Each structure stands twice: as C-alpha cells, then as structure tokens.
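Structure data (mmCIF, C-alpha atoms) from final07.cif:
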data_coords
loop_
_atom_site.group_PDB
_atom_site.id
_atom_site.type_symbol
_atom_site.label_atom_id
_atom_site.label_comp_id
_atom_site.auth_asym_id
_atom_site.auth_seq_id
_atom_site.Cartn_x
_atom_site.Cartn_y
_atom_site.Cartn_z
ATOM 1 C CA MET A 795 38.463 -164.594 86.994
ATOM 2 C CA ALA A 796 35.774 -166.727 85.363
ATOM 3 C CA ILE A 797 33.008 -164.897 83.517
ATOM 4 C CA PHE A 798 30.228 -167.162 84.823
ATOM 5 C CA THR A 799 29.147 -167.888 88.377
ATOM 6 C CA HIS A 800 27.236 -170.990 87.277
ATOM 7 C CA VAL A 801 25.293 -172.566 84.410
ATOM 8 C CA VAL A 802 21.826 -174.109 84.703
ATOM 9 C CA LEU A 803 20.045 -176.502 82.339
ATOM 10 C CA GLY A 804 16.460 -177.619 82.762
ATOM 11 C CA THR A 805 15.257 -181.183 83.079
ATOM 12 C CA ASN A 806 11.902 -182.934 83.087
ATOM 13 C CA ASP A 807 13.297 -186.011 84.862
ATOM 14 C CA LEU A 808 15.803 -185.219 87.601
ATOM 15 C CA ASP A 809 16.824 -188.829 88.287
ATOM 16 C CA ARG A 810 17.467 -189.559 84.594
ATOM 17 C CA SER A 811 19.508 -186.359 84.236
ATOM 18 C CA LYS A 812 21.539 -187.060 87.391
ATOM 19 C CA LYS A 813 22.460 -190.492 86.028
ATOM 20 C CA PHE A 814 23.455 -189.009 82.657
ATOM 21 C CA TYR A 815 25.522 -186.123 84.069
ATOM 22 C CA ASN A 816 27.163 -188.206 86.814
ATOM 23 C CA ALA A 817 28.431 -190.518 84.054
ATOM 24 C CA ALA A 818 29.350 -187.906 81.428
ATOM 25 C CA LEU A 819 30.874 -185.372 83.837
ATOM 26 C CA GLY A 820 32.489 -188.125 85.880
ATOM 27 C CA ALA A 821 34.400 -189.093 82.719
ATOM 28 C CA LEU A 822 35.898 -185.573 82.849
ATOM 29 C CA GLY A 823 36.827 -185.944 86.508
ATOM 30 C CA LEU A 824 33.999 -183.659 87.717
ATOM 31 C CA LYS A 825 32.222 -184.610 90.924
ATOM 32 C CA PRO A 826 28.630 -184.065 92.078
ATOM 33 C CA ILE A 827 28.233 -181.807 95.113
ATOM 34 C CA GLY A 828 24.630 -182.634 95.952
ATOM 35 C CA PRO A 829 20.997 -181.665 95.675
ATOM 36 C CA LEU A 830 19.630 -178.188 95.136
ATOM 37 C CA GLY A 831 16.424 -178.506 97.086
ATOM 38 C CA ALA A 832 14.020 -181.197 95.896
ATOM 39 C CA ASN A 833 14.134 -180.287 92.202
ATOM 40 C CA GLY A 834 17.789 -179.768 91.307
ATOM 41 C CA PHE A 835 21.293 -181.186 91.486
ATOM 42 C CA MET A 836 24.743 -179.547 91.406
ATOM 43 C CA TRP A 837 28.308 -180.241 90.280
ATOM 44 C CA GLY A 838 31.341 -178.080 90.897
ATOM 45 C CA ASP A 839 34.751 -177.578 92.388
ATOM 46 C CA LYS A 840 34.470 -174.646 94.798
ATOM 47 C CA GLY A 841 30.689 -174.395 94.781
ATOM 48 C CA PRO A 842 27.735 -174.973 92.444
ATOM 49 C CA GLU A 843 29.112 -174.376 88.944
ATOM 50 C CA PHE A 844 26.750 -176.573 86.909
ATOM 51 C CA ILE A 845 23.140 -177.224 87.915
ATOM 52 C CA ILE A 846 20.270 -179.223 86.482
ATOM 53 C CA THR A 847 16.812 -178.398 87.739
ATOM 54 C CA LYS A 848 13.143 -178.673 87.009
ATOM 55 C CA PRO A 849 11.902 -175.224 85.923
ATOM 56 C CA ALA A 850 10.779 -173.103 88.875
ATOM 57 C CA ASN A 851 7.689 -171.903 86.986
ATOM 58 C CA GLY A 852 6.309 -175.462 86.780
ATOM 59 C CA LEU A 853 6.295 -175.536 82.963
ATOM 60 C CA PRO A 854 8.099 -178.276 81.028
ATOM 61 C CA SER A 855 11.819 -177.892 80.397
ATOM 62 C CA THR A 856 12.789 -177.161 76.791
ATOM 63 C CA TYR A 857 16.190 -176.810 75.157
ATOM 64 C CA ALA A 858 17.677 -173.913 73.219
ATOM 65 C CA ASN A 859 17.903 -174.291 69.452
ATOM 66 C CA GLY A 860 21.454 -173.198 68.652
ATOM 67 C CA GLY A 861 22.579 -173.224 72.280
ATOM 68 C CA THR A 862 25.464 -175.454 73.377
ATOM 69 C CA LEU A 863 27.158 -175.831 76.739
ATOM 70 C CA GLY A 864 30.835 -176.801 76.591
ATOM 71 C CA PHE A 865 32.801 -178.607 79.302
ATOM 72 C CA ALA A 866 36.612 -178.637 79.485
ATOM 73 C CA ALA A 867 38.299 -182.001 79.026
ATOM 74 C CA PRO A 868 41.775 -182.595 80.494
ATOM 75 C CA ASN A 869 42.839 -184.696 77.490
ATOM 76 C CA ARG A 870 41.585 -186.430 74.346
ATOM 77 C CA LYS A 871 40.990 -189.696 76.183
ATOM 78 C CA ALA A 872 38.511 -187.857 78.427
ATOM 79 C CA VAL A 873 36.712 -186.496 75.324
ATOM 80 C CA HIS A 874 36.088 -190.099 74.262
ATOM 81 C CA ALA A 875 35.120 -191.215 77.790
ATOM 82 C CA PHE A 876 32.610 -188.327 78.098
ATOM 83 C CA HIS A 877 30.997 -189.278 74.779
ATOM 84 C CA GLU A 878 30.835 -192.997 75.572
ATOM 85 C CA ALA A 879 29.465 -192.422 79.086
ATOM 86 C CA GLY A 880 26.845 -190.004 77.797
ATOM 87 C CA LEU A 881 25.654 -192.413 75.100
ATOM 88 C CA ALA A 882 25.513 -195.282 77.598
ATOM 89 C CA ASN A 883 23.332 -193.193 79.922
ATOM 90 C CA GLY A 884 20.581 -191.885 77.661
ATOM 91 C CA GLY A 885 22.375 -189.288 75.530
ATOM 92 C CA THR A 886 22.418 -189.096 71.747
ATOM 93 C CA CYS A 887 25.343 -188.304 69.459
ATOM 94 C CA GLU A 888 25.601 -184.809 67.965
ATOM 95 C CA GLY A 889 29.231 -185.141 66.866
ATOM 96 C CA LYS A 890 31.659 -188.022 67.353
ATOM 97 C CA PRO A 891 34.962 -187.449 69.168
ATOM 98 C CA GLY A 892 37.643 -186.076 66.924
ATOM 99 C CA PRO A 893 39.558 -183.039 65.694
ATOM 100 C CA ARG A 894 37.745 -179.788 64.953
ATOM 101 C CA SER A 895 39.104 -177.558 62.219
ATOM 102 C CA PHE A 896 38.851 -174.110 63.795
ATOM 103 C CA THR A 897 42.142 -174.427 65.726
ATOM 104 C CA PRO A 898 45.075 -176.812 65.205
ATOM 105 C CA THR A 899 44.602 -178.608 68.555
ATOM 106 C CA ALA A 900 40.789 -178.524 68.981
ATOM 107 C CA TYR A 901 39.456 -181.995 69.834
ATOM 108 C CA ALA A 902 35.815 -182.411 70.837
ATOM 109 C CA SER A 903 32.639 -184.458 71.007
ATOM 110 C CA TYR A 904 28.982 -183.409 71.143
ATOM 111 C CA LEU A 905 25.932 -184.968 72.795
ATOM 112 C CA ARG A 906 22.292 -184.248 73.485
ATOM 113 C CA ASP A 907 21.353 -185.009 77.081
ATOM 114 C CA PRO A 908 18.135 -186.956 77.782
ATOM 115 C CA ASP A 909 16.146 -183.672 77.770
ATOM 116 C CA GLY A 910 17.582 -182.561 74.408
ATOM 117 C CA ASN A 911 20.114 -180.013 75.708
ATOM 118 C CA LYS A 912 23.193 -179.886 73.472
ATOM 119 C CA ILE A 913 26.477 -180.256 75.337
ATOM 120 C CA CYS A 914 30.065 -180.843 74.311
ATOM 121 C CA THR A 915 33.532 -181.295 75.685
ATOM 122 C CA TYR A 916 36.731 -179.818 74.245
ATOM 123 C CA CYS A 917 40.413 -180.443 74.755
ATOM 124 C CA PHE A 918 42.861 -177.945 73.247
ATOM 125 C CA ALA A 919 46.056 -179.721 74.312
ATOM 126 C CA ALA A 920 48.282 -181.045 71.543
ATOM 127 C CA GLU A 921 48.419 -184.837 71.775
#

Take the structure in this file and express it as structure tokens.
Amino acid sequence: MAIFTHVVLGTNDLDRSKKFYNAALGALGLKPIGPLGANGFMWGDKGPEFIITKPANGLPSTYANGGTLGFAAPNRKAVHAFHEAGLANGGTCEGKPGPRSFTPTAYASYLRDPDGNKICTYCFAAE
C-alpha cells in the first residue's frame, strides 16, 4: 500500500504549470487525467495522484525551502527525457542527470518548476 493518497503543489499560473508538467511527466510515461475545478489539474494512474492548483486561500503560491518532490523513472533514459522536457518548458536545472552516490544504482535529475517548486526523478535500476 502506498503511504500517500496524493501530492499537491501550488502554482500562480495554471496554464504554464500544465505545459511544464505535461512535458516533464509525459517523459516518464505519466498521463494527465484532467482539471480539478477551474484552478487545478491532475495526473495519475488510478485517480488523482499528483495535483497542481492555485492556493484555495487566494494568496500567492510559494515553494518550500528544503522540500523536494520525487517522481519514479522507469529507466535512465527517462531521467534524461524528464530533465530535457522540463528545461524546454520553463523549468530550471537543480541537478543534471547522472548517478547519485547514496546507493550503487541511484540515477537522478533535479529541476525547479516554473513556480520554483523543486522536483526530481529517480531510477534505481542497474543499467
């Protein structure tokens, strides 16, 4: 059983974020599942697992300092595709694709989305 029902990140520009996440998550084989009312959008397999939304309280979205959201990559090629797609769609680099030293097979890349949220993708398969 998964430990999360879903994850939500805030955005100040829903259309810009949809473009970014459709590209970056699409590189991992993840598909959009549609809008969440007028101010949000969802991705997932069996329901809404990842959501971007404008904050319900009407205040600007801000990102967490030290917070990172990690997405699973099926292989190392997808790690590169995620990074390239994110950069091409308004993201900024926070760590180029490559091995990570904390486990022998860790392979990852890090981005900031257009709102400054830090995200990454990891593959732990030996390749």

For the file shown, what are the residues hit by the PyMOL selection byres ((chain A and resi 848-851) around 6), laid out as a list in words?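 Matching residues under the PyMOL selection byres ((chain A and resi 848-851) around 6) are Gly804, Thr805, Asn806, Asn833, Thr847, Gly852 and Leu853 of chain A.
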
Of the candidates A:Cys887, A:Leu822, A:Met836, A:Ala882, which one gets nearest to Thr915 of chain A if we count only C-alpha atoms?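 Result for the nearest residue to Thr915 of chain A: A:Leu822.
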
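Across A:Ala900, A:Pro893, A:Thr799, A:Asp907, the tightest approach to Lys812 of chain A is made by A:Asp907 when counting only C-alpha atoms.
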
With all atoms listed in the file as the basis for distance, which of A:Asp807, A:Ile797, A:Pro829, A:Tyr901 is at the shortest distance from Lys871 of chain A?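 Ranking A:Asp807, A:Ile797, A:Pro829, A:Tyr901 by distance to Lys871 of chain A, first place goes to A:Tyr901.
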
Can you tell me how far atom CA of Pro898 of chain A sits from atom CA of Asn911 of chain A, in Å to one decimal?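 So the answer is 27.3 Å.
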
Can you tell me how far atom CA of Lys813 of chain A sits from atom CA of Asn883 of chain A, in Å to one decimal?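 Calculated distance between atom CA of Lys813 of chain A and atom CA of Asn883 of chain A is 6.7 Å.
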
Just say which residues the PyMOL selection byres ((chain A and resi 875) around 12) picks in this file, as a PyMOL selection string. chain A and resi 817-823+867-874+876-882+890-891+902-904+915

Rounded to one decimal place, report the atom CA of Gly885 of chain A-atom CA of Gly864 of chain A distance in Å. 15.1 Å

If the box runs along x, y and z of the file and leaves 8 Å on each side of segment 879-895 of chain A, what are its centre and edge lengths in Å, one decimal, as AutoDock Vina command-line options?
--center_x 30.1 --center_y -186.4 --center_z 71.1 --size_x 35.0 --size_y 33.7 --size_z 33.7

Considering all atoms listed in the file, state which residue in the set A:His800, A:Arg906, A:Lys825, A:Lys840 is at the smallest distance from Thr886 of chain A.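 Of the candidates, the smallest distance to Thr886 of chain A is held by A:Arg906.
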
Between A:Ile827, A:Leu863, A:Leu808, A:Ala858, single out the one closest to Ile846 of chain A, counting only C-alpha atoms.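 Ranking A:Ile827, A:Leu863, A:Leu808, A:Ala858 by distance to Ile846 of chain A, first place goes to A:Leu808.
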
Find the residues near Gly828 of chain A: any atom within 12 Å, counting all atoms listed in the file, skip ones fewer than 3 places away on the same chain, and give them as number ranges by chain. A: 812, 816, 825, 831-839, 841-846

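Comparing A:Gly861, A:Phe918, A:Ala866, A:Val802 by their smallest distance to Leu824 of chain A, the closest is A:Ala866 (using only C-alpha atoms).
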
Can we get segment 805-882 of chain A of that structure written down with C-alpha atoms, as an mmCIF file, in the first residue's frame?
data_model
loop_
_atom_site.group_PDB
_atom_site.id
_atom_site.type_symbol
_atom_site.label_atom_id
_atom_site.label_comp_id
_atom_site.auth_asym_id
_atom_site.auth_seq_id
_atom_site.Cartn_x
_atom_site.Cartn_y
_atom_site.Cartn_z
ATOM 1 C CA THR A 805 1.029 27.365 -8.896
ATOM 2 C CA ASN A 806 0.489 31.010 -9.760
ATOM 3 C CA ASP A 807 -0.031 30.253 -13.465
ATOM 4 C CA LEU A 808 -2.055 27.113 -14.137
ATOM 5 C CA ASP A 809 -1.542 27.090 -17.917
ATOM 6 C CA ARG A 810 2.245 27.475 -17.606
ATOM 7 C CA SER A 811 2.391 24.697 -14.998
ATOM 8 C CA LYS A 812 0.203 22.357 -17.072
ATOM 9 C CA LYS A 813 2.549 22.799 -20.036
ATOM 10 C CA PHE A 814 5.608 22.132 -17.856
ATOM 11 C CA TYR A 815 4.193 19.056 -16.088
ATOM 12 C CA ASN A 816 2.604 17.574 -19.226
ATOM 13 C CA ALA A 817 6.079 17.651 -20.804
ATOM 14 C CA ALA A 818 8.155 16.566 -17.792
ATOM 15 C CA LEU A 819 5.743 13.893 -16.532
ATOM 16 C CA GLY A 820 4.959 12.780 -20.068
ATOM 17 C CA ALA A 821 8.668 11.942 -20.427
ATOM 18 C CA LEU A 822 8.131 9.475 -17.550
ATOM 19 C CA GLY A 823 5.083 7.959 -19.224
ATOM 20 C CA LEU A 824 2.614 9.666 -16.842
ATOM 21 C CA LYS A 825 -0.641 10.938 -18.303
ATOM 22 C CA PRO A 826 -2.859 13.884 -17.341
ATOM 23 C CA ILE A 827 -6.330 12.955 -16.093
ATOM 24 C CA GLY A 828 -7.932 16.383 -16.300
ATOM 25 C CA PRO A 829 -8.934 19.540 -14.499
ATOM 26 C CA LEU A 830 -9.649 19.895 -10.810
ATOM 27 C CA GLY A 831 -12.293 22.573 -10.976
ATOM 28 C CA ALA A 832 -11.225 25.860 -12.557
ATOM 29 C CA ASN A 833 -7.978 26.250 -10.609
ATOM 30 C CA GLY A 834 -6.236 22.876 -10.681
ATOM 31 C CA PHE A 835 -5.072 19.993 -12.839
ATOM 32 C CA MET A 836 -4.413 16.308 -12.079
ATOM 33 C CA TRP A 837 -2.192 13.424 -13.181
ATOM 34 C CA GLY A 838 -2.423 9.828 -12.057
ATOM 35 C CA ASP A 839 -2.963 6.191 -12.821
ATOM 36 C CA LYS A 840 -5.981 5.082 -10.785
ATOM 37 C CA GLY A 841 -7.096 8.536 -9.692
ATOM 38 C CA PRO A 842 -5.623 11.946 -8.843
ATOM 39 C CA GLU A 843 -2.124 11.213 -7.530
ATOM 40 C CA PHE A 844 -0.377 14.489 -8.405
ATOM 41 C CA ILE A 845 -2.178 17.838 -8.499
ATOM 42 C CA ILE A 846 -1.182 21.404 -9.260
ATOM 43 C CA THR A 847 -3.525 24.121 -8.100
ATOM 44 C CA LYS A 848 -3.820 27.775 -7.302
ATOM 45 C CA PRO A 849 -3.985 28.134 -3.500
ATOM 46 C CA ALA A 850 -7.552 27.938 -2.189
ATOM 47 C CA ASN A 851 -6.958 30.855 0.198
ATOM 48 C CA GLY A 852 -6.307 33.240 -2.718
ATOM 49 C CA LEU A 853 -2.748 34.068 -1.614
ATOM 50 C CA PRO A 854 0.214 33.601 -3.963
ATOM 51 C CA SER A 855 1.761 30.150 -4.255
ATOM 52 C CA THR A 856 5.211 29.778 -2.694
ATOM 53 C CA TYR A 857 7.608 26.844 -2.636
ATOM 54 C CA ALA A 858 9.138 25.001 0.300
ATOM 55 C CA ASN A 859 12.791 25.685 1.054
ATOM 56 C CA GLY A 860 14.279 22.217 1.507
ATOM 57 C CA GLY A 861 11.233 20.423 0.117
ATOM 58 C CA THR A 862 11.563 18.167 -2.933
ATOM 59 C CA LEU A 863 9.009 16.001 -4.694
ATOM 60 C CA GLY A 864 10.418 12.893 -6.376
ATOM 61 C CA PHE A 865 8.887 11.032 -9.322
ATOM 62 C CA ALA A 866 9.802 7.451 -10.267
ATOM 63 C CA ALA A 867 11.509 6.971 -13.619
ATOM 64 C CA PRO A 868 11.271 3.602 -15.403
ATOM 65 C CA ASN A 869 14.864 3.858 -16.666
ATOM 66 C CA ARG A 870 17.844 6.194 -17.022
ATOM 67 C CA LYS A 871 16.748 7.336 -20.470
ATOM 68 C CA ALA A 872 13.523 8.635 -18.898
ATOM 69 C CA VAL A 873 15.572 10.554 -16.282
ATOM 70 C CA HIS A 874 17.242 12.424 -19.147
ATOM 71 C CA ALA A 875 13.957 12.925 -21.041
ATOM 72 C CA PHE A 876 12.271 14.343 -17.898
ATOM 73 C CA HIS A 877 15.125 16.819 -17.396
ATOM 74 C CA GLU A 878 15.230 17.908 -21.042
ATOM 75 C CA ALA A 879 11.441 18.284 -21.277
ATOM 76 C CA GLY A 880 11.320 20.278 -18.054
ATOM 77 C CA LEU A 881 14.063 22.663 -19.186
ATOM 78 C CA ALA A 882 12.387 23.126 -22.572
#
